[in-house]
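The file run_17.txt contains compact mmCIF, C-alpha atoms:
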# COMPACT_ATOMS: atom_id res chain seq x y z
CA LEU N 1 14.09 -25.25 -6.10
CA TYR N 2 14.27 -27.93 -3.45
CA GLN N 3 12.64 -28.75 -0.17
CA SER N 4 14.46 -27.78 3.01
CA GLY N 5 12.70 -29.21 6.04
CA LEU N 6 9.09 -30.21 6.27
CA SER N 7 7.46 -26.88 5.33
CA MET N 8 10.12 -24.75 3.65
CA LEU N 9 11.24 -24.52 0.03
CA ARG N 10 14.62 -23.02 -0.70
CA TRP N 11 16.36 -21.87 -3.87
CA ARG N 12 19.74 -20.22 -3.44
CA HIS N 13 19.15 -17.19 -1.14
CA VAL N 14 15.34 -17.42 -1.09
CA GLU N 15 13.18 -19.48 1.26
CA ILE N 16 9.43 -19.90 0.82
CA SER N 17 7.34 -21.32 3.63
CA GLY N 18 4.31 -23.50 3.19
CA GLY N 19 2.29 -20.84 5.02
CA PHE N 20 3.23 -18.27 2.38
CA LEU N 21 2.04 -20.55 -0.43
CA LEU N 22 -1.19 -21.25 1.42
CA VAL N 23 -1.91 -17.56 2.07
CA ALA N 24 -1.01 -16.67 -1.54
CA ALA N 25 -3.43 -19.30 -2.84
CA LEU N 26 -6.17 -18.05 -0.50
CA LEU N 27 -5.66 -14.42 -1.53
CA PHE N 28 -5.71 -15.42 -5.20
CA TYR N 29 -9.00 -17.24 -4.65
CA LEU N 30 -10.56 -14.29 -2.78
CA ASP N 31 -9.21 -11.61 -5.13
CA THR N 32 -12.36 -10.66 -6.98
CA GLU N 33 -11.22 -7.09 -7.75
CA ASN N 34 -7.83 -7.95 -9.29
CA LEU N 35 -5.85 -6.26 -6.51
CA LEU N 36 -3.40 -9.07 -5.84
CA PHE N 37 -1.05 -8.31 -8.72
CA TRP N 38 -0.74 -4.62 -7.78
CA ALA N 39 -0.32 -5.41 -4.08
CA ALA N 40 2.36 -8.01 -4.86
CA ALA N 41 4.17 -5.48 -7.07
CA ALA N 42 4.14 -2.90 -4.25
CA CYS N 43 5.52 -5.50 -1.81
CA ALA N 44 8.23 -6.54 -4.28
CA LEU N 45 9.30 -2.91 -4.76
CA HIS N 46 9.37 -2.49 -0.98
CA GLU N 47 11.79 -5.40 -0.56
CA LEU N 48 13.83 -4.21 -3.55
CA GLY N 49 14.17 -0.84 -1.81
CA HIS N 50 15.54 -2.57 1.28
CA GLY N 51 17.92 -4.67 -0.80
CA LEU N 52 19.30 -1.72 -2.76
CA ALA N 53 19.72 0.33 0.42
CA ILE N 54 21.56 -2.51 2.15
CA ARG N 55 23.83 -2.97 -0.86
CA CYS N 56 24.60 0.75 -1.13
CA LEU N 57 25.36 0.94 2.60
CA GLY N 58 27.92 -1.85 2.42
CA GLY N 59 25.82 -4.75 3.68
CA ARG N 60 24.64 -7.92 1.98
CA VAL N 61 21.42 -9.91 2.17
CA ALA N 62 22.16 -13.49 3.17
CA LEU N 63 18.59 -14.75 2.94
CA LEU N 64 15.13 -13.61 1.83
CA ARG N 65 12.43 -15.59 3.59
CA LEU N 66 8.79 -15.41 2.51
CA THR N 67 6.34 -16.44 5.24
CA CYS N 68 2.62 -16.18 5.85
CA VAL N 69 3.15 -12.81 7.61
CA GLY N 70 5.42 -11.19 5.03
CA ALA N 71 9.06 -11.08 4.03
CA GLU N 72 12.14 -11.32 6.24
CA LEU N 73 15.62 -10.20 5.23
CA LYS N 74 18.53 -11.79 7.02
CA LEU N 75 21.77 -9.80 6.78
CA SER N 76 25.13 -11.42 6.14
CA ALA N 77 27.44 -11.51 9.17
CA ARG N 78 30.42 -11.09 6.83
CA TYR N 79 29.35 -7.53 6.06
CA PRO N 80 28.32 -6.02 9.40
CA MET N 81 26.28 -2.83 9.47
CA GLY N 82 26.20 -0.35 12.35
CA TYR N 83 23.02 0.99 13.90
CA GLY N 84 22.98 4.09 11.71
CA ARG N 85 23.28 2.14 8.47
CA GLN N 86 20.68 -0.39 9.64
CA LEU N 87 18.30 2.52 10.30
CA LEU N 88 18.80 3.86 6.77
CA ALA N 89 18.38 0.37 5.31
CA ALA N 90 15.09 -0.03 7.19
CA LEU N 91 13.87 3.21 5.62
CA GLY N 92 14.77 1.95 2.14
CA GLY N 93 11.55 -0.06 1.75
CA PRO N 94 9.08 2.71 2.67
CA ALA N 95 11.12 5.20 0.65
CA ALA N 96 10.80 2.98 -2.44
CA ASN N 97 7.02 2.79 -1.95
CA LEU N 98 6.73 6.56 -1.55
CA LEU N 99 8.74 7.15 -4.71
CA CYS N 100 6.60 4.66 -6.62
CA ALA N 101 3.42 6.28 -5.30
CA GLY N 102 4.60 9.67 -6.52
CA ALA N 103 5.53 8.25 -9.92
CA ALA N 104 2.16 6.49 -10.21
CA VAL N 105 0.24 9.68 -9.40
CA HIS N 106 2.29 11.54 -12.00
CA MET N 107 1.50 8.87 -14.57
CA ALA N 108 -2.18 8.98 -13.64
CA GLY N 109 -2.51 12.49 -15.02
CA GLY N 110 -4.76 11.09 -17.72
CA GLY N 111 -7.14 9.60 -15.14
CA ASP N 112 -5.81 6.02 -15.14
CA GLU N 113 -7.55 4.36 -12.17
CA ARG N 114 -4.96 1.57 -12.03
CA ALA N 115 -2.19 4.10 -11.47
CA TYR N 116 -4.15 5.68 -8.60
CA LEU N 117 -4.78 2.21 -7.17
CA PHE N 118 -1.07 1.38 -7.31
CA ALA N 119 -0.22 4.71 -5.68
CA GLY N 120 -2.69 4.05 -2.87
CA LEU N 121 -1.32 0.57 -2.22
CA ASN N 122 2.23 1.92 -2.06
CA LEU N 123 1.21 4.69 0.34
CA ALA N 124 -0.66 2.23 2.56
CA LEU N 125 2.29 -0.18 2.62
CA ALA N 126 4.77 2.59 3.45
CA GLY N 127 2.55 4.04 6.18
CA PHE N 128 1.88 0.67 7.79
CA ASN N 129 5.55 -0.31 7.82
CA LEU N 130 6.53 2.98 9.48
CA LEU N 131 4.45 2.20 12.57
CA PRO N 132 6.77 1.93 15.63
CA ALA N 133 6.15 -1.78 16.15
CA ALA N 134 8.95 -4.34 16.46
CA PRO N 135 8.36 -6.47 13.34
CA LEU N 136 7.98 -3.42 11.10
CA ASP N 137 10.45 -0.97 9.60
CA GLY N 138 9.32 1.76 11.97
CA GLY N 139 10.06 -0.44 14.96
CA ARG N 140 13.47 -1.31 13.53
CA CYS N 141 14.26 2.38 12.97
CA LEU N 142 13.22 3.23 16.53
CA TRP N 143 15.35 0.39 17.91
CA CYS N 144 18.42 1.49 15.95
CA LEU N 145 17.99 5.11 17.02
CA LEU N 146 17.60 4.18 20.68
CA ALA N 147 20.55 1.77 20.48
CA LEU N 148 22.66 4.65 19.13
CA LEU N 149 21.59 7.01 21.91
CA GLU N 150 21.21 4.57 24.81
CA THR N 151 21.75 0.79 25.03
CA GLU N 152 20.35 -2.23 23.22
CA GLU N 153 18.60 -3.38 26.40
CA LYS N 154 16.78 -0.05 26.81
CA ALA N 155 15.95 -0.03 23.11
CA GLU N 156 14.38 -3.49 23.43
CA ARG N 157 12.21 -2.39 26.37
CA ILE N 158 10.97 0.79 24.70
CA VAL N 159 10.24 -0.86 21.36
CA ALA N 160 8.40 -3.69 23.13
CA ALA N 161 6.22 -1.08 24.86
CA THR N 162 5.48 0.86 21.67
CA SER N 163 4.74 -2.39 19.82
CA SER N 164 2.20 -3.40 22.47
CA ALA N 165 0.61 0.05 22.36
CA VAL N 166 0.27 -0.03 18.56
CA SER N 167 -1.16 -3.56 18.49
CA LEU N 168 -3.64 -2.77 21.27
CA ALA N 169 -4.73 0.42 19.48
CA LEU N 170 -5.31 -1.53 16.26
CA THR N 171 -7.20 -4.24 18.17
CA LEU N 172 -9.47 -1.68 19.83
CA GLY N 173 -10.01 0.01 16.48
CA SER N 174 -11.06 -3.25 14.85
CA LEU N 175 -13.43 -4.02 17.75
CA LEU N 176 -15.02 -0.57 17.51
CA LEU N 177 -15.55 -1.04 13.78
CA THR N 178 -17.15 -4.42 14.49
CA LEU N 179 -19.54 -2.87 17.03
CA ARG N 180 -20.54 -0.31 14.41
CA GLY N 181 -21.27 -3.04 11.89
CA GLN N 182 -18.13 -2.33 9.87
CA ALA N 183 -16.04 -5.37 10.78
CA ASN N 184 -12.53 -5.42 9.31
CA LEU N 185 -11.01 -8.89 9.54
CA THR N 186 -7.73 -7.76 7.97
CA LEU N 187 -7.23 -5.10 10.64
CA LEU N 188 -7.94 -7.59 13.44
CA ILE N 189 -5.53 -10.19 12.02
CA THR N 190 -2.85 -7.52 11.62
CA ALA N 191 -3.33 -6.35 15.21
CA LEU N 192 -3.08 -9.90 16.57
CA TRP N 193 0.01 -10.55 14.46
CA LEU N 194 1.74 -7.47 15.89
CA LEU N 195 0.72 -8.52 19.39
CA LEU N 196 2.20 -12.01 18.99
CA SER N 197 5.28 -11.04 16.95
CA PRO N 198 7.62 -10.45 19.94
CA TRP N 199 6.99 -14.02 21.11
CA THR N 200 7.58 -15.54 17.67
CA ALA N 201 10.73 -13.44 17.25
CA ARG N 202 12.17 -14.83 20.48
CA ARG N 203 11.50 -18.38 19.27
CA GLY N 204 12.79 -17.85 15.75
CA GLY N 205 15.81 -15.70 16.49
CA ALA N 206 16.56 -12.16 15.48
CA ARG N 207 16.03 -11.27 11.81
CA ALA N 208 15.76 -8.03 9.93
CA ARG N 209 12.24 -7.73 8.56
CA GLY N 210 11.20 -6.02 5.39
Output the file's structure in the form of structure tokens.
Amino acid sequence: LYQSGLSMLRWRHVEISGGFLLVAALLFYLDTENLLFWAAAACALHELGHGLAIRCLGGRVALLRLTCVGAELKLSARYPMGYGRQLLAALGGPAANLLCAGAAVHMAGGGDERAYLFAGLNLALAGFNLLPAAPLDGGRCLWCLLALLETEEKAERIVAATSSAVSLALTLGSLLLTLRGQANLTLLITALWLLLSPWTARRGGARARG
């Protein structure tokens, strides 16, 4: 493991940002209900699902980058993937979470609360990532489908519109909860992240997110 740049650690095909380490430390400090391990396991299985799907579809992962807003998978240019295969690869992460949720519920037949917790986290992660917003798997799937049927330019415009609609809906939802005395900081941060993601993507270059 060695430092690459001022705020990025890199080891082989994995990069870890300083923001990721800071957020991980903060979550560990705030984790009073021992949820962090199960949430991290669900996220790891999600990325593993993407990686296995990409491998099976003939692609390769050139880089896994862990940042303060999640994981990013950068595909190798030596093994290009068409729109259809990219769509299937984007579905690999949510599919892995859904399979794990089903397995956890099956294992929880004896009433194991940890299994139900793990199932719920996997379902939440899969559902969130299937939202039609640009940084998420759902947005990537929508873009690939539109690029197959229309053009990349039209796909970009439509996905940008759906991303704005989703982020605004989440922002309004968080504000309504706040007015009712049920403030949800996580929901608000997520909404703002989705709202700002198109701008950060333009600055950072195109990457496949997991």
### Query
What lies within 12 Å of Arg55 in chain N using all atoms listed in the file, ignoring chain neighbours under 4 positions off, as a list in words?
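So the residues in contact are Leu48, Gly49, His50, Gly51, Gly59, Arg60, Val61, Ala62, Leu75, Ser76, Tyr79, Pro80, Met81, Arg85, Gln86, Leu88, Ala89 and Gly92 of chain N.
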Sorted by chain and rising residue number, which residues of range 72-180 of chain N lie within 10 Å of range 6-16 of chain N, and what are their closest atom pairs and distances in Å to one decimal, counting only C-alpha atoms, as JSON lines?
{"residue": "N:Glu72", "atom": "CA", "partner": "N:Glu15", "partner_atom": "CA", "distance": 9.6}
{"residue": "N:Leu73", "atom": "CA", "partner": "N:Val14", "partner_atom": "CA", "distance": 9.6}
{"residue": "N:Lys74", "atom": "CA", "partner": "N:His13", "partner_atom": "CA", "distance": 9.8}
List the neighbours of Leu185 in chain N out to 12 Å using only C-alpha atoms; skip same-chain residues closer than 6 positions along the sequence, and give me the result as a PDB file with C-alpha atoms, in the frame of the given file.
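Output contents, as saved in part-v1.pdb:
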ATOM      1  CA  LEU N 170      -5.310  -1.530  16.260  1.00  0.00           C
ATOM      2  CA  THR N 171      -7.200  -4.240  18.170  1.00  0.00           C
ATOM      3  CA  GLY N 173     -10.010   0.010  16.480  1.00  0.00           C
ATOM      4  CA  SER N 174     -11.060  -3.250  14.850  1.00  0.00           C
ATOM      5  CA  LEU N 175     -13.430  -4.020  17.750  1.00  0.00           C
ATOM      6  CA  LEU N 177     -15.550  -1.040  13.780  1.00  0.00           C
ATOM      7  CA  THR N 178     -17.150  -4.420  14.490  1.00  0.00           C
ATOM      8  CA  ALA N 191      -3.330  -6.350  15.210  1.00  0.00           C
ATOM      9  CA  LEU N 192      -3.080  -9.900  16.570  1.00  0.00           C
TER      10      LEU N 192
END
### Task
Determine the nearest neighbour of Glu33 in chain N from the options N:Leu117, N:Val105, N:Arg140, N:Leu99, counting all atoms listed in the file.
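Smallest separation from Glu33 in chain N among the options: N:Leu117.
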### Message
Let me make sure I understand: among N:Ala104, N:Leu64, N:Leu27, N:Leu125, which one has the smallest atom-to-atom distance to Cys43 in chain N if we use only C-alpha atoms?
### Response
N:Leu125
### Query
Out of N:Leu45, N:Val69, N:Cys141, N:Leu87, which residue has the shortest atom-to-atom distance to Ala101 in chain N when counting only C-alpha atoms?
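Between N:Leu45, N:Val69, N:Cys141, N:Leu87, the residue approaching Ala101 in chain N most closely is N:Leu45.
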### Query
Excluding same-chain residues fewer than 3 positions from Val23 in chain N, what lies within 9 Å of it counting only C-alpha atoms, as a ChimeraX atom specification?
/N:18-20,26-28,67-69
### Query
Pick from N:Leu188, N:Leu123, N:Leu149, N:Ile158: nearest to Asn97 in chain N, with only C-alpha atoms counted?
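Going through N:Leu188, N:Leu123, N:Leu149, N:Ile158 one by one, the smallest distance to Asn97 in chain N is for N:Leu123.
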### Task
May I have the residues within 10 Å of range 126-128 of chain N as an MDAnalysis selection string, using all atoms listed in the file and disregarding those fewer than 5 positions away in the same chain?
chainID N and resid 42:43 46 91 93:98 101 120:121 133 136:138
